[in-house]
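Source file: target-v2.cif; contents: mmCIF, C-alpha atoms.
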```cif
data_coords
loop_
_atom_site.label_atom_id
_atom_site.label_comp_id
_atom_site.auth_asym_id
_atom_site.auth_seq_id
_atom_site.Cartn_x
_atom_site.Cartn_y
_atom_site.Cartn_z
CA MET B 24 -25.84 61.34 -16.30
CA ARG B 25 -22.87 59.81 -14.53
CA GLU B 26 -19.61 61.21 -15.80
CA TYR B 27 -17.12 58.68 -17.23
CA SER B 28 -13.84 58.59 -15.32
CA PRO B 29 -11.04 56.72 -17.10
CA ASP B 30 -8.63 54.50 -15.17
CA LEU B 31 -5.34 56.39 -15.25
CA THR B 32 -3.39 53.69 -13.35
CA PRO B 33 -0.26 52.83 -15.35
CA GLN B 34 -0.53 49.48 -17.09
CA TRP B 35 2.49 48.11 -15.26
CA LYS B 36 0.84 48.82 -11.89
CA ARG B 37 -2.42 47.10 -12.71
CA PRO B 38 -2.81 43.53 -11.37
CA LYS B 39 -2.43 40.95 -14.09
CA ALA B 40 -5.48 38.98 -15.02
CA VAL B 41 -5.32 35.35 -13.88
CA PRO B 42 -7.23 32.34 -15.21
CA GLU B 43 -10.53 31.38 -13.66
CA VAL B 44 -10.79 27.65 -12.96
CA ALA B 45 -13.93 25.78 -11.93
CA ALA B 46 -13.51 24.04 -8.57
CA GLU B 47 -14.43 20.60 -9.87
CA PRO B 48 -14.23 17.58 -7.52
CA ASP B 49 -10.72 16.09 -7.18
CA LEU B 50 -9.00 19.20 -8.60
CA VAL B 51 -5.76 19.57 -6.60
CA VAL B 52 -4.73 23.11 -5.69
CA GLU B 53 -2.53 24.93 -3.19
CA VAL B 54 -3.89 27.78 -1.09
CA ALA B 55 -1.92 30.94 -1.88
CA GLY B 56 0.21 32.14 1.00
CA THR B 57 -0.01 28.85 2.90
CA ASP B 58 1.49 25.38 2.68
CA PHE B 59 -1.93 23.70 2.49
CA CYS B 60 -2.48 21.62 -0.62
CA GLY B 61 -5.52 19.47 -1.23
CA ALA B 62 -8.19 18.14 -3.55
CA VAL B 63 -11.59 19.76 -3.95
CA VAL B 64 -14.28 17.76 -2.17
CA ALA B 65 -17.04 20.39 -2.06
CA CYS B 66 -17.78 23.87 -3.37
CA GLU B 67 -20.58 25.96 -1.97
CA ALA B 68 -21.50 29.60 -2.52
CA GLY B 69 -18.33 31.53 -1.73
CA THR B 70 -16.30 28.68 -0.23
CA VAL B 71 -14.40 25.57 -1.28
CA THR B 72 -13.53 22.55 0.88
CA LEU B 73 -10.14 20.93 0.30
CA GLU B 74 -8.83 17.60 1.61
CA ASP B 75 -5.09 17.01 1.96
CA ARG B 76 -3.30 13.68 1.53
CA PHE B 77 -3.71 12.89 5.22
CA GLY B 78 -7.50 13.20 5.06
CA ASN B 79 -7.63 16.61 6.77
CA ARG B 80 -10.34 18.93 5.43
CA ARG B 81 -10.40 22.74 5.54
CA VAL B 82 -12.76 25.35 4.13
CA PHE B 83 -11.42 28.40 2.26
CA PRO B 84 -13.13 31.45 0.72
CA LEU B 85 -13.17 31.68 -3.08
CA ASP B 86 -11.03 34.80 -3.05
CA PRO B 87 -9.69 36.18 -6.34
CA ARG B 88 -6.13 35.02 -6.98
CA GLY B 89 -6.45 32.83 -3.89
CA PHE B 90 -5.04 29.54 -5.17
CA LEU B 91 -2.17 27.98 -7.09
CA LEU B 92 -2.74 25.36 -9.77
CA GLU B 93 0.48 23.60 -10.79
CA GLY B 94 2.37 26.60 -9.44
CA ALA B 95 0.36 29.26 -11.31
CA VAL B 96 -1.97 31.71 -9.57
CA VAL B 97 -5.66 31.14 -10.38
CA THR B 98 -9.08 32.21 -9.20
CA LEU B 99 -11.35 29.32 -8.30
CA THR B 100 -15.00 29.61 -9.27
CA ARG B 101 -18.04 27.59 -8.38
CA PRO B 102 -18.70 24.98 -11.09
CA SER B 103 -21.73 25.55 -13.27
CA ARG B 104 -24.53 23.11 -12.75
CA ALA B 105 -24.32 20.44 -15.42
CA PRO B 106 -26.83 17.67 -16.13
CA ALA B 107 -26.46 15.02 -13.46
CA ALA B 108 -24.33 12.09 -14.58
CA PRO B 109 -25.37 8.56 -13.65
CA LEU B 110 -24.33 7.67 -10.13
CA ARG B 111 -21.49 5.17 -9.93
CA THR B 112 -20.48 2.64 -7.35
CA ALA B 113 -16.92 2.55 -6.05
CA SER B 114 -16.12 -0.08 -8.69
CA GLY B 115 -17.27 2.22 -11.50
CA SER B 116 -20.53 0.38 -12.20
CA VAL B 117 -23.74 2.35 -12.74
CA ALA B 118 -25.48 2.55 -9.36
CA VAL B 119 -29.09 1.36 -9.02
CA PRO B 120 -30.71 3.64 -6.41
CA GLY B 121 -33.10 1.80 -4.14
CA ALA B 122 -32.07 -1.63 -5.41
CA ARG B 123 -32.40 -4.36 -2.82
CA ALA B 124 -29.64 -6.84 -2.16
CA ARG B 125 -30.24 -10.11 -3.93
CA GLY B 126 -30.51 -13.31 -1.95
CA ALA B 127 -27.16 -15.04 -1.65
CA ARG B 128 -26.14 -17.17 -4.61
CA ALA B 129 -24.88 -20.69 -4.13
CA GLY B 130 -21.58 -19.60 -5.67
CA ARG B 131 -18.93 -17.89 -3.57
CA ILE B 132 -15.71 -15.91 -3.85
CA TYR B 133 -12.94 -16.83 -1.41
CA VAL B 134 -10.25 -14.20 -0.81
CA GLU B 135 -6.89 -15.08 0.71
CA GLY B 136 -6.05 -12.62 3.45
CA ARG B 137 -8.17 -10.41 5.68
CA HIS B 138 -6.86 -7.20 4.16
CA ASP B 139 -7.65 -8.49 0.67
CA ALA B 140 -11.22 -9.23 1.72
CA GLU B 141 -11.65 -5.77 3.25
CA LEU B 142 -10.34 -4.13 0.07
CA VAL B 143 -12.72 -6.15 -2.12
CA GLU B 144 -15.63 -5.17 0.12
CA ARG B 145 -14.68 -1.49 0.01
CA VAL B 146 -14.59 -1.26 -3.79
CA TRP B 147 -16.99 -3.98 -4.95
CA GLY B 148 -19.30 -4.30 -1.94
CA ASP B 149 -22.33 -2.60 -3.55
CA ASP B 150 -22.00 -4.68 -6.72
CA LEU B 151 -21.60 -7.92 -4.80
CA ARG B 152 -24.73 -7.31 -2.72
CA ILE B 153 -26.83 -6.57 -5.80
CA GLU B 154 -25.50 -9.72 -7.46
CA GLY B 155 -25.96 -11.78 -4.31
CA VAL B 156 -22.31 -12.85 -4.21
CA VAL B 157 -20.89 -13.66 -0.79
CA VAL B 158 -17.15 -13.09 -0.21
CA GLU B 159 -15.48 -15.30 2.38
CA TYR B 160 -12.10 -14.88 4.01
CA LEU B 161 -9.58 -17.64 3.23
CA GLU B 162 -6.93 -17.68 5.94
CA GLY B 163 -4.27 -19.32 3.77
CA ILE B 164 -3.87 -21.16 0.50
CA ASP B 165 -2.30 -24.31 1.98
CA ASP B 166 -5.76 -25.73 2.71
CA LEU B 167 -7.25 -24.69 -0.63
CA PRO B 168 -7.73 -28.22 -2.06
CA ALA B 169 -9.60 -29.26 1.09
CA VAL B 170 -11.68 -26.07 1.02
CA VAL B 171 -12.66 -26.71 -2.60
CA ALA B 172 -13.53 -30.33 -1.88
CA ASP B 173 -15.67 -29.29 1.08
CA PHE B 174 -17.46 -26.63 -0.98
CA ALA B 175 -18.16 -29.15 -3.77
CA PRO B 176 -18.59 -26.62 -6.62
CA THR B 177 -21.00 -27.28 -9.49
CA ALA B 178 -22.11 -25.40 -12.59
CA ASP B 179 -24.84 -23.81 -10.46
CA ALA B 180 -22.53 -23.09 -7.52
CA ARG B 181 -19.21 -21.92 -8.85
CA LEU B 182 -16.27 -20.99 -6.70
CA GLY B 183 -13.87 -18.13 -7.35
CA VAL B 184 -10.61 -17.70 -5.44
CA LEU B 185 -8.32 -14.65 -5.21
CA VAL B 186 -4.75 -15.50 -4.18
CA ASP B 187 -1.81 -13.34 -3.08
CA HIS B 188 1.49 -13.48 -4.98
CA LEU B 189 0.29 -15.92 -7.65
CA VAL B 190 3.38 -16.00 -9.89
CA PRO B 191 4.95 -18.86 -11.90
CA GLY B 192 7.06 -21.23 -9.82
CA SER B 193 5.67 -20.12 -6.48
CA LYS B 194 4.12 -22.35 -3.83
CA GLU B 195 0.83 -20.61 -4.50
CA SER B 196 0.92 -21.49 -8.20
CA ARG B 197 1.62 -25.17 -7.45
CA ILE B 198 -1.30 -25.40 -5.03
CA ALA B 199 -3.61 -23.59 -7.47
CA ALA B 200 -2.62 -25.99 -10.26
CA SER B 201 -3.68 -28.95 -8.12
CA VAL B 202 -7.30 -27.75 -8.27
CA THR B 203 -8.64 -28.89 -11.64
CA SER B 204 -12.43 -28.45 -11.40
CA SER B 205 -13.92 -26.48 -14.29
CA ASP B 206 -16.34 -24.92 -11.79
CA VAL B 207 -13.48 -23.28 -9.88
CA LEU B 208 -11.55 -20.21 -11.06
CA ILE B 209 -8.35 -19.32 -9.20
CA VAL B 210 -6.74 -16.00 -10.05
CA GLY B 211 -4.21 -13.86 -8.25
CA HIS B 212 -2.13 -10.72 -8.26
CA PRO B 213 1.69 -10.58 -8.40
CA TYR B 214 2.19 -8.47 -5.29
CA VAL B 215 3.89 -9.63 -2.11
CA ASP B 216 0.91 -8.19 -0.27
CA VAL B 217 -2.34 -6.57 -1.37
CA TRP B 218 -1.10 -3.27 0.09
CA GLN B 219 0.86 -2.88 -3.14
CA ALA B 220 -2.36 -3.06 -5.17
CA VAL B 221 -3.18 0.42 -3.86
CA LYS B 222 -1.64 3.05 -6.11
CA PRO B 223 1.16 5.03 -4.40
CA SER B 224 -0.46 8.26 -5.63
CA ALA B 225 -3.52 7.50 -3.47
CA LEU B 226 -1.25 7.61 -0.42
CA GLY B 227 0.85 10.58 -1.45
CA ILE B 228 4.03 8.53 -1.84
CA ALA B 229 6.26 8.20 -4.89
CA ALA B 230 6.39 4.39 -4.86
CA TRP B 231 6.13 1.39 -2.57
CA PRO B 232 9.52 0.82 -0.94
CA VAL B 233 11.58 -2.25 -1.82
CA ILE B 234 12.03 -4.42 1.27
CA PRO B 235 15.05 -6.79 1.36
CA PRO B 236 14.29 -10.52 1.68
CA GLY B 237 14.30 -11.86 5.21
CA GLN B 238 12.41 -8.91 6.70
CA ASP B 239 8.72 -8.80 7.51
CA TRP B 240 7.43 -6.92 4.46
CA LYS B 241 4.71 -4.87 6.17
CA THR B 242 6.93 -3.86 9.08
CA GLY B 243 9.67 -2.92 6.60
CA VAL B 244 7.23 -0.74 4.67
CA CYS B 245 6.23 1.09 7.84
CA ARG B 246 9.88 1.74 8.69
CA ALA B 247 10.78 2.88 5.19
CA LEU B 248 7.84 5.31 5.04
CA GLY B 249 8.37 6.61 8.57
CA TRP B 250 5.06 5.23 9.81
CA PRO B 251 4.61 3.79 13.33
CA GLU B 252 5.42 0.07 13.25
CA ASN B 253 1.79 -0.90 13.75
CA THR B 254 0.75 -2.80 10.63
CA GLY B 255 -2.91 -2.87 11.65
CA ALA B 256 -3.06 0.90 11.94
CA ALA B 257 -1.04 1.27 8.74
CA TRP B 258 -3.56 -0.85 6.85
CA GLN B 259 -6.49 1.19 8.15
CA HIS B 260 -4.73 4.32 6.89
CA ILE B 261 -4.15 2.71 3.49
CA LEU B 262 -7.73 1.47 3.25
CA SER B 263 -9.10 4.92 4.16
CA ARG B 264 -7.36 6.39 1.11
CA VAL B 265 -9.13 4.00 -1.28
CA ARG B 266 -12.28 5.74 -2.49
CA SER B 267 -12.89 3.91 -5.75
CA TYR B 268 -11.40 1.60 -8.37
CA LYS B 269 -9.28 4.54 -9.55
CA ASP B 270 -7.08 4.11 -6.48
CA LEU B 271 -6.21 0.49 -7.33
CA GLU B 272 -3.78 -1.03 -9.80
CA PRO B 273 -5.40 -2.41 -12.98
CA VAL B 274 -4.01 -5.91 -12.42
CA LEU B 275 -6.14 -6.33 -9.29
CA LEU B 276 -9.20 -4.73 -10.86
CA GLY B 277 -9.14 -7.19 -13.72
CA ARG B 278 -8.82 -10.24 -11.50
CA VAL B 279 -11.71 -9.32 -9.20
CA GLU B 280 -14.00 -8.45 -12.13
CA GLU B 281 -13.07 -11.81 -13.68
CA LEU B 282 -14.12 -13.64 -10.52
CA ILE B 283 -17.44 -11.80 -10.26
CA ASP B 284 -18.24 -12.60 -13.90
CA PHE B 285 -17.32 -16.25 -13.35
CA VAL B 286 -19.55 -16.88 -10.33
CA THR B 287 -22.53 -14.91 -11.74
CA ALA B 288 -22.50 -16.37 -15.28
CA PRO B 289 -25.52 -18.53 -16.15
CA ALA B 290 -24.94 -22.25 -15.72
#
```
Written as structure tokens, how would this file's structure read?
Amino acid sequence: MREYSPDLTPQWKRPKAVPEVAAEPDLVVEVAGTDFCGAVVACEAGTVTLEDRFGNRRVFPLDPRGFLLEGAVVTLTRPSRAPAAPLRTASGSVAVPGARARGARAGRIYVEGRHDAELVERVWGDDLRIEGVVVEYLEGIDDLPAVVADFAPTADARLGVLVDHLVPGSKESRIAASVTSSDVLIVGHPYVDVWQAVKPSALGIAAWPVIPPGQDWKTGVCRALGWPENTGAAWQHILSRVRSYKDLEPVLLGRVEELIDFVTAPA
């Protein structure tokens, strides 16, 4: 029989127990002894993969006491296998595996601005293909009445339009008010540019900077945030940080969902 040998190490010399935390996706931790901080994107046997706010990914061993959670030392553990939840699209809708894209509807959604259209595609693209809704890029709102007249919307071919900076008293609001067809729905967000519809937290910044009137807004944002003054590259960085509807402001989410419902509703 093996002889019992008590631990005679003084209590004050023994390492303190630390909490064990499951390495669930999106949990943000800091690696002890380093300046690397990131969100969990994968956890395999013995390792965890973290992604920092710049999109850099690194793999770390699941060492005891190896991480900091909100400043406190923790031990990360591999999450237990739970029943699989329904897959979701980027917009939060229940995904339909294997579903084929529907043939294009007669109705359309026009989106003012190329960046706006790219953002809609990134978050709602899967939903739009299943519903057969085509999104078209509207270069500017000045020609909106002519665009609507050319489209000739009907109850079976409705037209939805998403406009930048649609606030009372603006040029955009006056042009939108001139379109009176009941088969057209024009909605908008209050932002100077759709960049602001991306939550600052998704980009690792405290807030979108305030740019004085008279300056190009996008260039001013790049300067204020210390980014290279290349607005195209800046937008690609912003867009890459949008993974789902959770990274967008609710005011934009509501307007896009409203448009999709409008153009897909039965006649």
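Atom CA of Arg76 of chain B lies 6.8 Å from atom CA of Gly61 of chain B.
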Picked residues, the PyMOL selection byres ((chain B and resi 137-148) around 7), expected as a VMD selection string: chain B and resid 113 to 114 134 to 136 149 to 152 160 217 262 267 to 268
Those residues you just picked out, can you put them in a file as a tab-separated table (two decimals), in the frame of the given file with C-alpha atoms?
```
chain	number	residue	atom	x	y	z
B	113	ALA	CA	-16.92	2.55	-6.05
B	114	SER	CA	-16.12	-0.08	-8.69
B	134	VAL	CA	-10.25	-14.20	-0.81
B	135	GLU	CA	-6.89	-15.08	0.71
B	136	GLY	CA	-6.05	-12.62	3.45
B	149	ASP	CA	-22.33	-2.60	-3.55
B	150	ASP	CA	-22.00	-4.68	-6.72
B	151	LEU	CA	-21.60	-7.92	-4.80
B	152	ARG	CA	-24.73	-7.31	-2.72
B	160	TYR	CA	-12.10	-14.88	4.01
B	217	VAL	CA	-2.34	-6.57	-1.37
B	262	LEU	CA	-7.73	1.47	3.25
B	267	SER	CA	-12.89	3.91	-5.75
B	268	TYR	CA	-11.40	1.60	-8.37
```
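Between Thr177 of chain B and the candidates B:Gly130, B:Gly277, B:Pro48, B:Pro87, the tightest atom-to-atom separation, counting all atoms listed in the file, involves B:Gly130.
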One decimal place gives the atom CA of Leu282 of chain B-atom CA of Gly192 of chain B separation as 22.5 Å
Name the residues in contact with Val202 of chain B at a cut-off of 9 Å, using all atoms listed in the file, excluding same-chain residues fewer than 3 positions from it; report them as number ranges by chain. B: 167-168, 171, 198-199, 207, 209
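Near Ile234 of chain B, within 8 Å and counting only C-alpha atoms, sit Gln238, Trp240, Gly243 and Val244 of chain B; same-chain residues fewer than 4 positions away were not included.
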If we count only C-alpha atoms, what is near Asp58 of chain B at a cut-off of 12 Å, once residues fewer than 3 positions away on the same chain are taken out, given as a PyMOL selection string? chain B and resi 52-55+61+75+90-91
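Using all atoms listed in the file, the nearest neighbour of Val41 of chain B within the list B:Val96, B:Val233, B:Cys66, B:Val221 is B:Val96.
Of the residues under consideration (B:Arg131, B:Ala180, B:Val51, B:Phe174), B:Arg131 shows the shortest atom-to-atom contact distance to Val158 of chain B when counting all atoms listed in the file.
Between atom CA of Ala172 of chain B and atom CA of Ala129 of chain B there is a distance of 15.1 Å.
Among the candidates B:Leu50, B:Ala225, B:Val274, B:Val210, the residue lying nearest to Phe77 of chain B is B:Ala225 (atoms considered: only C-alpha atoms).
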Residues returned when the PyMOL selection byres ((chain B and resi 178) around 9) runs on this file, as number ranges by chain: B: 176-177, 179-181, 205-206, 289-290
Repaired coordinates for segment 221-232 of chain B (all heavy atoms) as an mmCIF file, in the coordinates of the input:
```
data_model
loop_
_atom_site.group_PDB
_atom_site.id
_atom_site.type_symbol
_atom_site.label_atom_id
_atom_site.label_comp_id
_atom_site.auth_asym_id
_atom_site.auth_seq_id
_atom_site.Cartn_x
_atom_site.Cartn_y
_atom_site.Cartn_z
ATOM 1 N N VAL B 221 -2.721 -0.961 -3.995
ATOM 2 C CA VAL B 221 -3.180 0.420 -3.860
ATOM 3 C C VAL B 221 -2.138 1.326 -4.513
ATOM 4 O O VAL B 221 -0.944 1.230 -4.220
ATOM 5 C CB VAL B 221 -3.377 0.804 -2.382
ATOM 6 C CG1 VAL B 221 -3.815 2.266 -2.257
ATOM 7 C CG2 VAL B 221 -4.400 -0.122 -1.734
ATOM 8 N N LYS B 222 -2.581 2.178 -5.399
ATOM 9 C CA LYS B 222 -1.640 3.050 -6.110
ATOM 10 C C LYS B 222 -0.904 3.968 -5.128
ATOM 11 O O LYS B 222 -1.525 4.550 -4.224
ATOM 12 C CB LYS B 222 -2.386 3.914 -7.130
ATOM 13 C CG LYS B 222 -2.929 3.146 -8.319
ATOM 14 C CD LYS B 222 -3.618 4.094 -9.281
ATOM 15 C CE LYS B 222 -4.124 3.352 -10.520
ATOM 16 N NZ LYS B 222 -4.848 4.250 -11.446
ATOM 17 N N PRO B 223 0.418 4.116 -5.282
ATOM 18 C CA PRO B 223 1.160 5.030 -4.400
ATOM 19 C C PRO B 223 0.585 6.441 -4.389
ATOM 20 O O PRO B 223 0.589 7.116 -3.363
ATOM 21 C CB PRO B 223 2.577 4.996 -4.993
ATOM 22 C CG PRO B 223 2.672 3.661 -5.663
ATOM 23 C CD PRO B 223 1.300 3.397 -6.219
ATOM 24 N N SER B 224 0.075 6.896 -5.540
ATOM 25 C CA SER B 224 -0.460 8.260 -5.630
ATOM 26 C C SER B 224 -1.643 8.452 -4.679
ATOM 27 O O SER B 224 -1.882 9.574 -4.205
ATOM 28 C CB SER B 224 -0.896 8.568 -7.059
ATOM 29 O OG SER B 224 -1.857 7.629 -7.516
ATOM 30 N N ALA B 225 -2.390 7.387 -4.396
ATOM 31 C CA ALA B 225 -3.520 7.500 -3.470
ATOM 32 C C ALA B 225 -3.049 7.789 -2.053
ATOM 33 O O ALA B 225 -3.806 8.315 -1.238
ATOM 34 C CB ALA B 225 -4.357 6.221 -3.496
ATOM 35 N N LEU B 226 -1.798 7.430 -1.759
ATOM 36 C CA LEU B 226 -1.250 7.610 -0.420
ATOM 37 C C LEU B 226 -0.289 8.793 -0.333
ATOM 38 O O LEU B 226 0.265 9.062 0.733
ATOM 39 C CB LEU B 226 -0.512 6.335 0.001
ATOM 40 C CG LEU B 226 -1.363 5.069 0.060
ATOM 41 C CD1 LEU B 226 -0.484 3.846 0.205
ATOM 42 C CD2 LEU B 226 -2.354 5.147 1.206
ATOM 43 N N GLY B 227 -0.073 9.451 -1.464
ATOM 44 C CA GLY B 227 0.850 10.580 -1.450
ATOM 45 C C GLY B 227 2.301 10.178 -1.364
ATOM 46 O O GLY B 227 3.129 10.953 -0.878
ATOM 47 N N ILE B 228 2.636 8.966 -1.832
ATOM 48 C CA ILE B 228 4.030 8.530 -1.840
ATOM 49 C C ILE B 228 4.463 8.307 -3.286
ATOM 50 O O ILE B 228 3.629 8.098 -4.175
ATOM 51 C CB ILE B 228 4.243 7.243 -1.015
ATOM 52 C CG1 ILE B 228 3.419 6.070 -1.580
ATOM 53 C CG2 ILE B 228 3.896 7.494 0.443
ATOM 54 C CD1 ILE B 228 3.642 4.749 -0.857
ATOM 55 N N ALA B 229 5.763 8.343 -3.518
ATOM 56 C CA ALA B 229 6.260 8.200 -4.890
ATOM 57 C C ALA B 229 6.159 6.759 -5.370
ATOM 58 O O ALA B 229 5.857 6.503 -6.543
ATOM 59 C CB ALA B 229 7.711 8.672 -4.965
ATOM 60 N N ALA B 230 6.424 5.803 -4.479
ATOM 61 C CA ALA B 230 6.390 4.390 -4.860
ATOM 62 C C ALA B 230 6.406 3.558 -3.577
ATOM 63 O O ALA B 230 6.771 4.047 -2.495
ATOM 64 C CB ALA B 230 7.603 4.036 -5.716
ATOM 65 N N TRP B 231 6.005 2.296 -3.701
ATOM 66 C CA TRP B 231 6.130 1.390 -2.570
ATOM 67 C C TRP B 231 7.604 1.046 -2.394
ATOM 68 O O TRP B 231 8.301 0.756 -3.365
ATOM 69 C CB TRP B 231 5.339 0.107 -2.821
ATOM 70 C CG TRP B 231 3.858 0.301 -2.676
ATOM 71 C CD1 TRP B 231 2.935 0.438 -3.671
ATOM 72 C CD2 TRP B 231 3.147 0.416 -1.446
ATOM 73 N NE1 TRP B 231 1.686 0.623 -3.151
ATOM 74 C CE2 TRP B 231 1.778 0.608 -1.773
ATOM 75 C CE3 TRP B 231 3.512 0.362 -0.105
ATOM 76 C CZ2 TRP B 231 0.789 0.755 -0.805
ATOM 77 C CZ3 TRP B 231 2.524 0.509 0.862
ATOM 78 C CH2 TRP B 231 1.187 0.704 0.510
ATOM 79 N N PRO B 232 8.099 1.109 -1.162
ATOM 80 C CA PRO B 232 9.520 0.820 -0.940
ATOM 81 C C PRO B 232 9.854 -0.645 -1.210
ATOM 82 O O PRO B 232 8.995 -1.521 -1.085
ATOM 83 C CB PRO B 232 9.731 1.169 0.538
ATOM 84 C CG PRO B 232 8.382 1.092 1.158
ATOM 85 C CD PRO B 232 7.400 1.484 0.098
#
```
